[in-house]
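Have a look at structure-v7.cif below; it lists mmCIF, C-alpha atoms.
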```
data_input
loop_
_atom_site.label_atom_id
_atom_site.label_comp_id
_atom_site.auth_asym_id
_atom_site.auth_seq_id
_atom_site.Cartn_x
_atom_site.Cartn_y
_atom_site.Cartn_z
CA MET O 1 -111.24 51.92 -225.72
CA LYS O 2 -113.08 50.37 -222.83
CA LYS O 3 -115.26 48.19 -224.95
CA LEU O 4 -112.17 47.16 -226.88
CA ILE O 5 -110.40 46.01 -223.72
CA VAL O 6 -113.41 44.08 -222.51
CA SER O 7 -113.98 42.53 -225.93
CA VAL O 8 -110.36 41.55 -226.27
CA ALA O 9 -110.35 40.07 -222.77
CA ILE O 10 -113.37 37.90 -223.45
CA ILE O 11 -112.48 36.93 -226.98
CA GLY O 12 -108.92 36.41 -225.79
CA ALA O 13 -110.06 34.02 -223.06
CA PHE O 14 -111.85 31.95 -225.67
CA ALA O 15 -108.92 32.16 -228.07
CA ILE O 16 -106.49 31.00 -225.36
CA TYR O 17 -108.80 28.14 -224.58
CA VAL O 18 -108.97 27.10 -228.24
CA LEU O 19 -105.22 27.49 -228.63
CA THR O 20 -104.35 25.45 -225.54
CA HIS O 21 -106.77 22.83 -226.67
CA GLY O 22 -105.18 22.74 -230.10
CA ARG O 23 -101.68 22.49 -228.65
CA ALA O 24 -102.62 19.80 -226.16
CA SER O 25 -104.16 17.84 -228.96
CA ALA O 26 -101.23 18.30 -231.30
CA SER O 27 -98.66 17.38 -228.67
CA SER O 28 -100.53 14.22 -227.81
CA GLY O 29 -99.83 13.11 -231.33
CA LEU O 30 -103.30 11.89 -232.01
CA PRO O 31 -103.87 11.24 -235.67
CA GLY O 32 -107.00 12.52 -237.31
CA ALA O 33 -109.56 9.82 -237.36
CA SER O 34 -111.15 10.97 -240.55
CA GLY O 35 -108.06 10.36 -242.65
CA THR O 36 -108.85 13.41 -244.71
CA GLY O 37 -105.74 15.19 -243.56
CA ALA O 38 -107.71 18.28 -242.64
CA LEU O 39 -105.54 20.92 -241.03
CA ALA O 40 -106.30 22.64 -237.78
CA SER O 41 -106.79 25.93 -239.47
CA SER O 42 -109.69 27.60 -237.75
CA PRO O 43 -109.45 31.40 -237.85
CA THR O 44 -108.63 31.44 -234.15
CA THR O 45 -105.62 29.12 -234.32
CA THR O 46 -104.09 30.79 -237.34
CA THR O 47 -103.72 34.02 -235.37
CA ASP O 48 -101.03 32.17 -233.40
CA GLY O 49 -98.66 32.75 -236.26
CA GLY O 50 -97.28 29.23 -235.94
CA THR O 51 -97.56 26.28 -238.22
CA PRO O 52 -100.90 24.50 -237.96
CA ALA O 53 -100.72 21.01 -236.53
CA ALA O 54 -100.42 18.35 -239.20
CA GLY O 55 -103.42 16.09 -239.08
CA ALA O 56 -106.88 16.65 -237.75
CA LEU O 57 -107.40 17.82 -234.20
CA PHE O 58 -110.42 15.72 -233.45
CA LYS O 59 -112.09 12.49 -234.41
CA ASN O 60 -115.24 12.79 -236.45
CA GLY O 61 -118.47 12.34 -234.57
CA SER O 62 -120.80 13.97 -232.05
CA TYR O 63 -119.66 14.53 -228.47
CA THR O 64 -121.87 15.67 -225.64
CA GLY O 65 -120.31 17.92 -223.01
CA VAL O 66 -121.06 18.06 -219.32
CA SER O 67 -123.99 20.06 -218.13
CA ALA O 68 -122.38 23.24 -216.80
CA ASP O 69 -123.98 25.65 -214.37
CA ALA O 70 -124.71 29.09 -215.84
CA GLN O 71 -126.06 30.67 -212.66
CA TRP O 72 -129.71 30.56 -213.62
CA GLY O 73 -129.76 27.28 -215.42
CA TYR O 74 -127.55 24.72 -217.06
CA VAL O 75 -125.77 24.83 -220.39
CA GLN O 76 -124.93 21.62 -222.19
CA VAL O 77 -123.55 21.52 -225.69
CA GLN O 78 -122.86 18.85 -228.28
CA ALA O 79 -119.78 19.30 -230.45
CA ILE O 80 -120.04 18.00 -234.02
CA ILE O 81 -116.66 17.11 -235.53
CA GLN O 82 -116.42 16.82 -239.31
CA ASN O 83 -113.19 16.38 -241.24
CA GLY O 84 -111.36 16.52 -237.94
CA LYS O 85 -112.60 20.03 -237.20
CA LEU O 86 -115.25 21.51 -235.00
CA ALA O 87 -118.10 21.96 -237.46
CA ASP O 88 -121.00 22.85 -235.21
CA VAL O 89 -122.05 23.27 -231.61
CA LYS O 90 -125.60 22.34 -230.65
CA PHE O 91 -127.32 23.30 -227.45
CA LEU O 92 -128.87 20.37 -225.66
CA GLN O 93 -129.60 22.32 -222.51
CA TYR O 94 -130.06 25.98 -222.14
CA PRO O 95 -131.28 27.99 -219.15
CA ASN O 96 -135.02 27.93 -219.45
CA HIS O 97 -137.43 28.49 -216.65
CA ARG O 98 -140.58 28.06 -218.65
CA SER O 99 -141.53 24.92 -216.80
CA ARG O 100 -142.22 27.06 -213.78
CA SER O 101 -145.81 27.99 -213.71
CA VAL O 102 -145.46 31.59 -212.63
CA GLU O 103 -147.49 33.77 -214.93
CA ILE O 104 -146.38 37.22 -215.87
CA ASN O 105 -148.76 37.56 -218.77
CA THR O 106 -148.27 41.18 -219.47
CA TYR O 107 -146.25 41.00 -222.64
CA ALA O 108 -147.42 43.29 -225.43
CA MET O 109 -148.17 46.08 -223.03
CA PRO O 110 -149.06 49.15 -225.07
CA VAL O 111 -146.44 51.31 -223.34
CA LEU O 112 -143.59 49.22 -224.73
CA THR O 113 -141.90 50.34 -227.94
CA SER O 114 -140.16 48.18 -230.53
CA GLU O 115 -137.48 49.00 -233.06
CA ALA O 116 -134.87 47.23 -235.15
CA VAL O 117 -131.47 47.42 -233.47
CA GLN O 118 -129.00 49.64 -235.27
CA ALA O 119 -125.29 50.14 -234.70
CA GLN O 120 -124.49 53.53 -233.11
CA SER O 121 -121.42 55.61 -233.73
CA ALA O 122 -121.60 57.59 -230.49
CA GLN O 123 -118.50 57.50 -228.28
CA VAL O 124 -119.16 55.88 -224.91
CA ASP O 125 -117.14 55.48 -221.72
CA VAL O 126 -118.11 51.90 -220.93
CA VAL O 127 -120.20 49.13 -222.47
CA SER O 128 -122.84 46.91 -220.90
CA GLY O 129 -123.14 43.41 -222.34
CA ALA O 130 -123.75 39.85 -221.30
CA THR O 131 -121.11 37.40 -220.19
CA ASP O 132 -123.31 35.12 -218.11
CA THR O 133 -123.31 31.99 -220.18
CA ALA O 134 -119.87 32.32 -221.73
CA PHE O 135 -118.12 30.47 -218.95
CA ALA O 136 -120.60 27.59 -218.75
CA PHE O 137 -120.54 27.34 -222.53
CA MET O 138 -116.75 27.01 -222.49
CA GLN O 139 -116.87 24.39 -219.73
CA SER O 140 -119.32 22.21 -221.61
CA LEU O 141 -117.55 22.63 -224.94
CA ASP O 142 -114.20 21.86 -223.32
CA ASP O 143 -115.58 18.57 -222.03
CA ALA O 144 -117.08 17.67 -225.42
CA LEU O 145 -113.81 18.41 -227.22
CA THR O 146 -111.78 16.43 -224.69
CA GLN O 147 -113.93 13.43 -225.54
CA ALA O 148 -113.49 14.12 -229.26
CA LYS O 149 -109.72 13.83 -228.88
CA ALA O 150 -109.79 10.47 -227.13
CA MET R 151 -107.27 56.84 -213.55
CA ARG R 152 -108.56 53.58 -214.91
CA GLN R 153 -107.49 50.03 -214.23
CA THR R 154 -108.68 46.56 -215.20
CA GLN R 155 -108.10 43.31 -213.31
CA ILE R 156 -109.48 39.83 -213.84
CA ILE R 157 -111.36 38.82 -210.68
CA MET R 158 -114.21 36.33 -210.31
CA GLY R 159 -113.34 35.08 -213.79
CA MET R 160 -114.19 38.36 -215.51
CA PRO R 161 -112.56 41.64 -216.38
CA ILE R 162 -113.33 44.29 -213.77
CA THR R 163 -112.58 47.90 -214.64
CA VAL R 164 -112.65 50.86 -212.29
CA GLU R 165 -112.28 54.44 -213.45
CA ILE R 166 -111.91 57.52 -211.29
CA PRO R 167 -111.54 60.62 -213.45
CA GLY R 168 -109.33 63.25 -211.92
CA PRO R 169 -106.16 65.31 -212.14
CA ASP R 170 -102.87 63.43 -212.35
CA GLY R 171 -101.69 65.11 -209.15
CA GLU R 172 -104.14 63.01 -207.16
CA ALA R 173 -103.17 59.80 -208.90
CA SER R 174 -101.64 58.07 -205.87
CA GLU R 175 -104.80 58.51 -203.77
CA ALA R 176 -106.85 57.25 -206.70
CA ALA R 177 -104.53 54.26 -207.10
CA ASP R 178 -105.06 53.41 -203.41
CA ALA R 179 -108.81 53.65 -203.88
CA LEU R 180 -108.73 51.38 -206.93
CA GLU R 181 -106.65 48.83 -205.06
CA ALA R 182 -109.12 48.91 -202.16
CA VAL R 183 -111.91 48.07 -204.61
CA PHE R 184 -109.97 45.23 -206.22
CA ALA R 185 -108.90 43.85 -202.82
CA TYR R 186 -112.51 43.83 -201.67
CA LEU R 187 -113.68 42.03 -204.81
CA ARG R 188 -110.92 39.43 -204.44
CA GLN R 189 -112.07 38.84 -200.87
CA VAL R 190 -115.66 38.40 -202.08
CA ASP R 191 -114.41 35.85 -204.62
CA GLU R 192 -112.59 33.94 -201.85
CA THR R 193 -115.83 33.71 -199.92
CA PHE R 194 -118.34 33.05 -202.69
CA SER R 195 -116.51 31.26 -205.50
CA THR R 196 -118.00 27.92 -206.44
CA TYR R 197 -114.69 27.10 -208.12
CA LYS R 198 -112.52 27.54 -205.03
CA GLU R 199 -112.66 24.53 -202.71
CA SER R 200 -111.85 26.64 -199.65
CA SER R 201 -114.68 29.14 -200.18
CA GLU R 202 -117.57 29.24 -197.74
CA ILE R 203 -119.96 28.40 -200.57
CA SER R 204 -117.97 25.26 -201.43
CA ARG R 205 -117.91 24.26 -197.75
CA ILE R 206 -121.66 24.78 -197.51
CA ASN R 207 -122.15 22.65 -200.64
CA ARG R 208 -119.99 19.88 -199.17
CA GLY R 209 -122.05 19.98 -195.98
CA GLU R 210 -119.09 21.12 -193.89
CA LEU R 211 -120.54 24.48 -192.98
CA GLY R 212 -124.03 25.29 -191.85
CA LEU R 213 -125.66 28.51 -192.97
CA SER R 214 -126.07 29.65 -189.36
CA ASP R 215 -122.30 29.23 -188.82
CA SER R 216 -121.36 31.10 -191.99
CA SER R 217 -120.13 34.68 -192.20
CA GLU R 218 -122.38 37.68 -192.09
CA ASP R 219 -121.75 38.33 -195.79
CA VAL R 220 -122.90 34.85 -196.73
CA ARG R 221 -126.01 35.11 -194.59
CA THR R 222 -126.77 38.53 -196.09
CA VAL R 223 -126.45 37.19 -199.63
CA PHE R 224 -128.69 34.21 -198.85
CA ALA R 225 -131.32 36.51 -197.38
CA LEU R 226 -131.14 38.81 -200.42
CA SER R 227 -131.39 35.81 -202.75
CA GLN R 228 -134.49 34.60 -200.99
CA GLN R 229 -135.99 38.08 -201.17
CA THR R 230 -135.21 38.30 -204.90
CA ARG R 231 -136.71 34.87 -205.50
CA GLU R 232 -139.94 36.05 -203.91
CA GLU R 233 -139.92 39.35 -205.79
CA THR R 234 -139.46 37.66 -209.16
CA GLY R 235 -142.04 34.91 -208.93
CA GLY R 236 -139.38 32.24 -208.53
CA TYR R 237 -137.39 33.29 -211.59
CA PHE R 238 -134.33 33.86 -209.47
CA ALA R 239 -132.95 30.75 -207.74
CA ILE R 240 -129.59 30.00 -206.18
CA TRP R 241 -130.33 26.40 -205.19
CA ARG R 242 -130.30 23.69 -207.82
CA ASP R 243 -130.14 19.97 -207.09
CA GLY R 244 -129.07 20.58 -203.49
CA HIS R 245 -126.19 22.87 -204.44
CA CYS R 246 -126.19 26.60 -204.03
CA ASP R 247 -124.60 29.11 -206.35
CA PRO R 248 -125.40 32.71 -205.44
CA SER R 249 -123.02 34.17 -208.05
CA GLY R 250 -126.00 35.57 -210.00
CA LEU R 251 -126.57 37.96 -207.13
CA VAL R 252 -123.10 38.31 -205.63
CA LYS R 253 -121.65 40.23 -208.57
CA GLY R 254 -124.08 43.13 -208.41
CA TRP R 255 -124.06 43.11 -204.61
CA ALA R 256 -120.25 43.22 -204.53
CA ILE R 257 -119.91 46.04 -207.05
CA HIS R 258 -122.49 48.04 -205.15
CA ASN R 259 -120.51 47.54 -201.92
CA ALA R 260 -117.31 48.44 -203.76
CA GLU R 261 -118.75 51.77 -204.88
CA ALA R 262 -119.49 52.52 -201.23
CA LEU R 263 -115.75 52.08 -200.58
CA LEU R 264 -115.07 54.80 -203.16
CA GLN R 265 -117.73 57.07 -201.69
CA GLU R 266 -116.24 56.63 -198.19
CA ARG R 267 -112.98 57.98 -199.60
CA GLY R 268 -114.80 61.02 -200.94
CA TYR R 269 -115.07 59.96 -204.57
CA ARG R 270 -118.32 60.91 -206.27
CA ASP R 271 -117.28 60.41 -209.90
CA TYR R 272 -116.46 56.84 -210.89
CA TYR R 273 -117.61 53.74 -212.62
CA ILE R 274 -117.04 50.08 -211.74
CA ASP R 275 -117.65 47.67 -214.58
CA ALA R 276 -117.70 43.95 -213.78
CA GLY R 277 -118.16 41.98 -216.95
CA GLY R 278 -120.68 44.43 -218.39
CA ASP R 279 -122.60 45.16 -215.18
CA ILE R 280 -121.78 48.71 -214.20
CA ALA R 281 -122.09 51.02 -211.19
CA LEU R 282 -121.94 54.67 -212.29
CA GLY R 283 -121.40 57.60 -209.96
CA GLY R 284 -121.34 61.29 -210.72
CA LEU R 285 -119.84 62.71 -213.89
CA LYS R 286 -117.04 62.27 -216.41
CA ASP R 287 -115.45 65.56 -217.53
CA GLY R 288 -118.51 67.51 -216.41
CA ARG R 289 -121.10 65.41 -218.21
CA ALA R 290 -123.02 62.26 -217.31
CA TRP R 291 -121.36 58.93 -218.04
CA ARG R 292 -122.06 57.43 -221.43
CA VAL R 293 -122.84 53.75 -221.47
CA GLY R 294 -123.18 51.68 -224.62
CA ILE R 295 -125.42 48.64 -224.94
CA ARG R 296 -123.39 46.01 -226.73
CA ASN R 297 -124.73 44.63 -229.99
CA PRO R 298 -125.33 40.94 -229.17
CA PHE R 299 -124.76 40.14 -232.85
CA ASN R 300 -121.48 42.01 -233.14
CA ARG R 301 -119.42 42.54 -230.02
CA ALA R 302 -117.49 45.40 -231.60
CA GLU R 303 -120.63 47.52 -231.92
CA ILE R 304 -123.07 49.22 -229.64
CA VAL R 305 -126.77 49.55 -230.43
CA LYS R 306 -127.58 52.30 -227.95
CA ALA R 307 -125.62 55.05 -226.25
CA LEU R 308 -127.05 55.99 -222.86
CA THR R 309 -126.34 58.94 -220.61
CA VAL R 310 -126.56 57.98 -216.94
CA THR R 311 -125.41 59.15 -213.55
CA ASN R 312 -125.73 57.64 -210.06
CA LEU R 313 -127.42 54.55 -211.45
CA GLY R 314 -126.62 50.94 -212.23
CA VAL R 315 -126.73 49.33 -215.67
CA ALA R 316 -126.68 45.55 -216.09
CA THR R 317 -127.17 43.23 -219.03
CA SER R 318 -128.12 39.59 -218.88
CA GLY R 319 -128.16 37.41 -221.93
CA THR R 320 -126.43 34.91 -224.09
CA ALA R 321 -122.86 35.56 -225.07
CA ILE R 322 -123.51 33.38 -228.08
CA ARG R 323 -124.77 35.96 -230.48
CA GLY R 324 -127.83 35.38 -232.53
CA GLN R 325 -127.85 31.66 -231.97
CA HIS R 326 -131.28 30.12 -232.10
CA ILE R 327 -131.64 28.05 -228.99
CA TYR R 328 -134.12 25.24 -229.17
CA ASP R 329 -135.81 23.60 -226.24
CA PRO R 330 -134.41 20.05 -225.94
CA HIS R 331 -137.73 18.82 -224.54
CA GLN R 332 -139.78 20.36 -227.32
CA PRO R 333 -137.98 19.85 -230.63
CA GLY R 334 -138.38 22.74 -233.00
CA ILE R 335 -139.54 25.11 -230.27
CA LEU R 336 -137.32 28.02 -229.34
CA ALA R 337 -136.35 27.91 -225.66
CA SER R 338 -136.15 31.67 -225.71
CA ASP R 339 -135.73 34.06 -228.58
CA ILE R 340 -134.36 36.84 -226.36
CA VAL R 341 -130.63 37.36 -226.63
CA SER R 342 -130.13 40.20 -224.20
CA LEU R 343 -131.90 42.28 -221.58
CA THR R 344 -130.31 45.49 -220.33
CA VAL R 345 -131.71 47.04 -217.17
CA ILE R 346 -131.14 50.54 -215.79
CA GLY R 347 -131.87 50.65 -212.06
CA PRO R 348 -131.28 52.78 -208.96
CA ASN R 349 -127.97 50.93 -208.41
CA VAL R 350 -126.03 48.07 -209.95
CA TYR R 351 -127.25 45.52 -207.40
CA GLU R 352 -130.87 46.23 -208.24
CA ALA R 353 -130.22 46.39 -211.99
CA ASP R 354 -128.26 43.13 -212.00
CA ARG R 355 -130.68 40.98 -210.03
CA PHE R 356 -133.69 42.09 -212.05
CA ALA R 357 -131.81 41.76 -215.35
CA THR R 358 -130.94 38.17 -214.40
CA ALA R 359 -134.50 37.29 -213.40
CA GLY R 360 -136.05 39.24 -216.29
CA PHE R 361 -133.89 37.47 -218.84
CA ALA R 362 -134.93 34.08 -217.42
CA MET R 363 -138.54 35.08 -218.10
CA GLY R 364 -137.86 35.18 -221.82
CA ARG R 365 -140.07 37.48 -223.88
CA ARG R 366 -142.06 38.55 -220.84
CA GLY R 367 -138.97 39.93 -219.10
CA ILE R 368 -139.33 43.43 -220.51
CA SER R 369 -142.91 43.62 -219.21
CA PHE R 370 -141.66 42.62 -215.78
CA ILE R 371 -139.15 45.49 -215.91
CA GLU R 372 -141.87 47.89 -217.08
CA LEU R 373 -143.86 47.08 -213.97
CA LEU R 374 -140.94 47.79 -211.62
CA PRO R 375 -140.97 51.41 -210.44
CA GLY R 376 -137.59 53.08 -210.98
CA PHE R 377 -136.36 50.61 -213.60
CA GLU R 378 -136.09 50.77 -217.38
CA GLY R 379 -135.09 48.06 -219.82
CA TYR R 380 -134.00 47.31 -223.37
CA GLN R 381 -134.58 43.78 -224.66
CA ILE R 382 -133.20 42.34 -227.91
CA ASP R 383 -134.49 39.21 -229.64
CA THR R 384 -132.86 36.81 -232.10
CA HIS R 385 -134.32 38.74 -235.03
CA GLY R 386 -132.53 41.92 -234.00
CA MET R 387 -135.73 43.53 -232.80
CA ALA R 388 -135.56 45.52 -229.60
CA THR R 389 -138.35 46.33 -227.17
CA TYR R 390 -137.96 48.98 -224.54
CA THR R 391 -139.86 50.29 -221.54
CA SER R 392 -141.86 53.50 -221.40
CA GLY R 393 -139.23 55.57 -219.59
CA PHE R 394 -136.17 54.23 -221.37
CA GLU R 395 -135.97 56.91 -224.04
CA ARG R 396 -134.86 59.66 -221.68
CA TYR R 397 -131.53 57.86 -221.18
CA ILE R 398 -130.70 57.67 -224.90
CA VAL R 399 -127.85 60.09 -225.69
CA ALA R 400 -129.32 61.70 -228.81
CA TYR R 401 -132.77 62.00 -227.25
CA ALA R 402 -131.44 63.44 -224.00
CA GLU R 403 -129.45 66.08 -225.93
CA ARG R 404 -132.48 67.15 -227.97
CA ASN R 405 -134.71 67.60 -224.93
#
```
Show the structure stored in the file as C-alpha cells.
Amino acid sequence: MKKLIVSVAIIGAFAIYVLTHGRASASSGLPGASGTGALASSPTTTTDGGTPAAGALFKNGSYTGVSADAQWGYVQVQAIIQNGKLADVKFLQYPNHRSRSVEINTYAMPVLTSEAVQAQSAQVDVVSGATDTAFAFMQSLDDALTQAKA
Amino acid sequence: MRQTQIIMGMPITVEIPGPDGEASEAADALEAVFAYLRQVDETFSTYKESSEISRINRGELGLSDSSEDVRTVFALSQQTREETGGYFAIWRDGHCDPSGLVKGWAIHNAEALLQERGYRDYYIDAGGDIALGGLKDGRAWRVGIRNPFNRAEIVKALTVTNLGVATSGTAIRGQHIYDPHQPGILASDIVSLTVIGPNVYEADRFATAGFAMGRRGISFIELLPGFEGYQIDTHGMATYTSGFERYIVAYAERN
C-alpha cells in the first residue's frame, strides 16, 4: 500500500503537470504547426476522461529547456516535437562529476557480488527509491514545452 | 497510525504502529514531525524567497548571521564534501543548495522527536529515504528497493531495524544518459544506489555522493564501515557490498 501511495503521488505530480500543460495549451487556442491534425492523445491525458484538444499541442521542432538544479548537478533536456506531440526527450546535461579528478579506483573489488535484478513478491512496509532528479527534470521539460507552444 | 503529507516537494509518510486507544497521542506525535519538517522547509527551501538559503543566495544574509540550523547544515556539508573526495557539493556557481543533505538531516532530527515522546517503533519516509526504528508487529521493518525500471515493483525486500535506508538515482528509468561533452559516451550507467547506514542522515549523504561517483560508488560504500549498498545499472545488473546479504528478507529468514 505504501509503495502504491508514493508511486501514485509521484506519477500523479507528473500527470497533473502534463494535464495542466495540455489544458493551458488548448485554452490558448494555438493551432498545431504541423498541420497534421494530430490529437493530444498521450496515455497521460486520456486518463482525464475528457475530450482531447482538437489540434496539436505543440509546434514541431526541438526545444531546449533551462538547466535545472538537481542537487548534485544540473539537468537540462531537449524536447523533440513531432506531429504536434512530444516524441522524445534528450538529456543535454546530466549530473556528472567525472571531471573532478578524485580517484576512487577500487571498482571490481572481489568482495562485491553481482546479479541480475529480479522482481520480488515479498510484502514490504515501505519502499526506498530515487526521486532526486524528477523535479529538475520536470522543470527543464516544462521550460522546453513552454517554448514549443509559442 | 500512518499519515502522508507533501512537504519539501515530496510525499513524507510517518507510521507509528500501535493500538487504536493511543491514536490521539500518536496523531500529536505525527503532527509534531510534520510541523518540524515544514519549519525546515521554510528555512532551507531554495524555492521560497523568504527562506534563509534564498537570503544567503541573494547576499542579504551572511552565514555568520544565519540560524544555528543553517550553520550546522553548512558545517555538515563541508564535512561530507571532505569525506567523499569532493563528490558532495552544495555550492555551484556562487549559489548554495544544501537540500541534498537537509532531507536526511531533517528526517533524522524528526525521529528524535518521536523518541523523545517515548516511541521506539516507527518509520519516517521522505521521498524514498527512510528512518526506521524498532519493530512492526513484533518483527523488523521490511523495506523494498524499488525497481528503477518499473516503479510498481521491488527488486529486493530487506529486513531492517534502527537503521536508515536511502536511495539516490535517476527517476527516469533505464534511460541511457550520454555525456554532452563526449558524444556516444555514457555519462553514467548507474540508475540507482541504495545505501543502508546507521541512520537516515548517514545513509542519505553517502547515497548521494556514491551515486555521483558512478560505477565506483558501490566500492566507496564497501569501504565505509557500517554501511552496505545495492547498485543497479542500466542493464539491470545489480552489484552489492559484502555485508548486504544479511539484510535480504529470504536470506535473513534462512539463517
Original post:
For Arg205 of chain R, which residue out of R:Gln228, R:Asp247, R:Glu372, R:Ala262 is the nearest one, using all atoms listed in the file?
Top reply: R:Asp247
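As for atom CA of Ala290 of chain R and atom CA of Leu263 of chain R, they are spaced 20.9 Å apart.
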Original post:
Could you work out how far atom CA of Gly360 of chain R lies from atom CA of Gly65 of chain O, giving the answer in Å with one decimal?
Top reply: 27.3 Å
Original post:
When distances are computed from all atoms listed in the file, which of R:Thr384, R:Ala185, R:Ser217, R:Tyr397 shows the smallest separation from Gly294 of chain R?
Top reply: R:Tyr397
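For segment 264-266 of chain R, the residues within 7 Å (counting all atoms listed in the file, excluding itself and residues fewer than 4 positions away along the chain) are Ala179, Ala260 and Arg270 of chain R.
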Original post:
Quick one, how far is atom CA of Ala359 of chain R from atom CA of Gln118 of chain O?
Top reply: 25.7 Å
**OP:** Just say which residues the PyMOL selection byres ((chain O and resi 145) around 8) picks in this file, as an NGL selection string.
**Re:** :O and (58 or 63 or 65 or 79 or 141-144 or 146-149)
Find the residues near Glu261 of chain R: any atom within 12 Å, counting only C-alpha atoms, skip ones fewer than 3 places away on the same chain, and give them as a PDB file with C-alpha atoms, in the frame of the given file.
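Writing done, so here's around-v1.pdb:
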```pdb
ATOM      1  CA  VAL R 164    -112.650  50.860-212.290  1.00  0.00           C
ATOM      2  CA  GLU R 165    -112.280  54.440-213.450  1.00  0.00           C
ATOM      3  CA  ILE R 166    -111.910  57.520-211.290  1.00  0.00           C
ATOM      4  CA  ALA R 179    -108.810  53.650-203.880  1.00  0.00           C
ATOM      5  CA  LEU R 180    -108.730  51.380-206.930  1.00  0.00           C
ATOM      6  CA  ALA R 182    -109.120  48.910-202.160  1.00  0.00           C
ATOM      7  CA  VAL R 183    -111.910  48.070-204.610  1.00  0.00           C
ATOM      8  CA  PHE R 184    -109.970  45.230-206.220  1.00  0.00           C
ATOM      9  CA  TYR R 186    -112.510  43.830-201.670  1.00  0.00           C
ATOM     10  CA  LEU R 187    -113.680  42.030-204.810  1.00  0.00           C
ATOM     11  CA  GLY R 254    -124.080  43.130-208.410  1.00  0.00           C
ATOM     12  CA  TRP R 255    -124.060  43.110-204.610  1.00  0.00           C
ATOM     13  CA  ALA R 256    -120.250  43.220-204.530  1.00  0.00           C
ATOM     14  CA  ILE R 257    -119.910  46.040-207.050  1.00  0.00           C
ATOM     15  CA  HIS R 258    -122.490  48.040-205.150  1.00  0.00           C
ATOM     16  CA  LEU R 264    -115.070  54.800-203.160  1.00  0.00           C
ATOM     17  CA  GLN R 265    -117.730  57.070-201.690  1.00  0.00           C
ATOM     18  CA  GLU R 266    -116.240  56.630-198.190  1.00  0.00           C
ATOM     19  CA  ARG R 267    -112.980  57.980-199.600  1.00  0.00           C
ATOM     20  CA  GLY R 268    -114.800  61.020-200.940  1.00  0.00           C
ATOM     21  CA  TYR R 269    -115.070  59.960-204.570  1.00  0.00           C
ATOM     22  CA  ARG R 270    -118.320  60.910-206.270  1.00  0.00           C
ATOM     23  CA  ASP R 271    -117.280  60.410-209.900  1.00  0.00           C
ATOM     24  CA  TYR R 272    -116.460  56.840-210.890  1.00  0.00           C
ATOM     25  CA  TYR R 273    -117.610  53.740-212.620  1.00  0.00           C
ATOM     26  CA  ILE R 274    -117.040  50.080-211.740  1.00  0.00           C
ATOM     27  CA  ASP R 275    -117.650  47.670-214.580  1.00  0.00           C
ATOM     28  CA  ALA R 276    -117.700  43.950-213.780  1.00  0.00           C
ATOM     29  CA  ILE R 280    -121.780  48.710-214.200  1.00  0.00           C
ATOM     30  CA  ALA R 281    -122.090  51.020-211.190  1.00  0.00           C
ATOM     31  CA  LEU R 282    -121.940  54.670-212.290  1.00  0.00           C
ATOM     32  CA  GLY R 283    -121.400  57.600-209.960  1.00  0.00           C
ATOM     33  CA  GLY R 284    -121.340  61.290-210.720  1.00  0.00           C
ATOM     34  CA  ASN R 312    -125.730  57.640-210.060  1.00  0.00           C
ATOM     35  CA  LEU R 313    -127.420  54.550-211.450  1.00  0.00           C
ATOM     36  CA  GLY R 314    -126.620  50.940-212.230  1.00  0.00           C
ATOM     37  CA  ASN R 349    -127.970  50.930-208.410  1.00  0.00           C
ATOM     38  CA  VAL R 350    -126.030  48.070-209.950  1.00  0.00           C
ATOM     39  CA  TYR R 351    -127.250  45.520-207.400  1.00  0.00           C
TER      40      TYR R 351
END
```
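With the shown file loaded, the PyMOL selection byres ((chain R and resi 239) around 10) picks out Gln71, Trp72 and Gly73 of chain O; Ser227, Gln228, Thr230, Arg231, Glu232, Thr234, Gly236, Tyr237, Phe238, Ile240, Trp241, Arg242, Cys246, Asp247, Pro248, Gly250, Leu251 and Ala359 of chain R.
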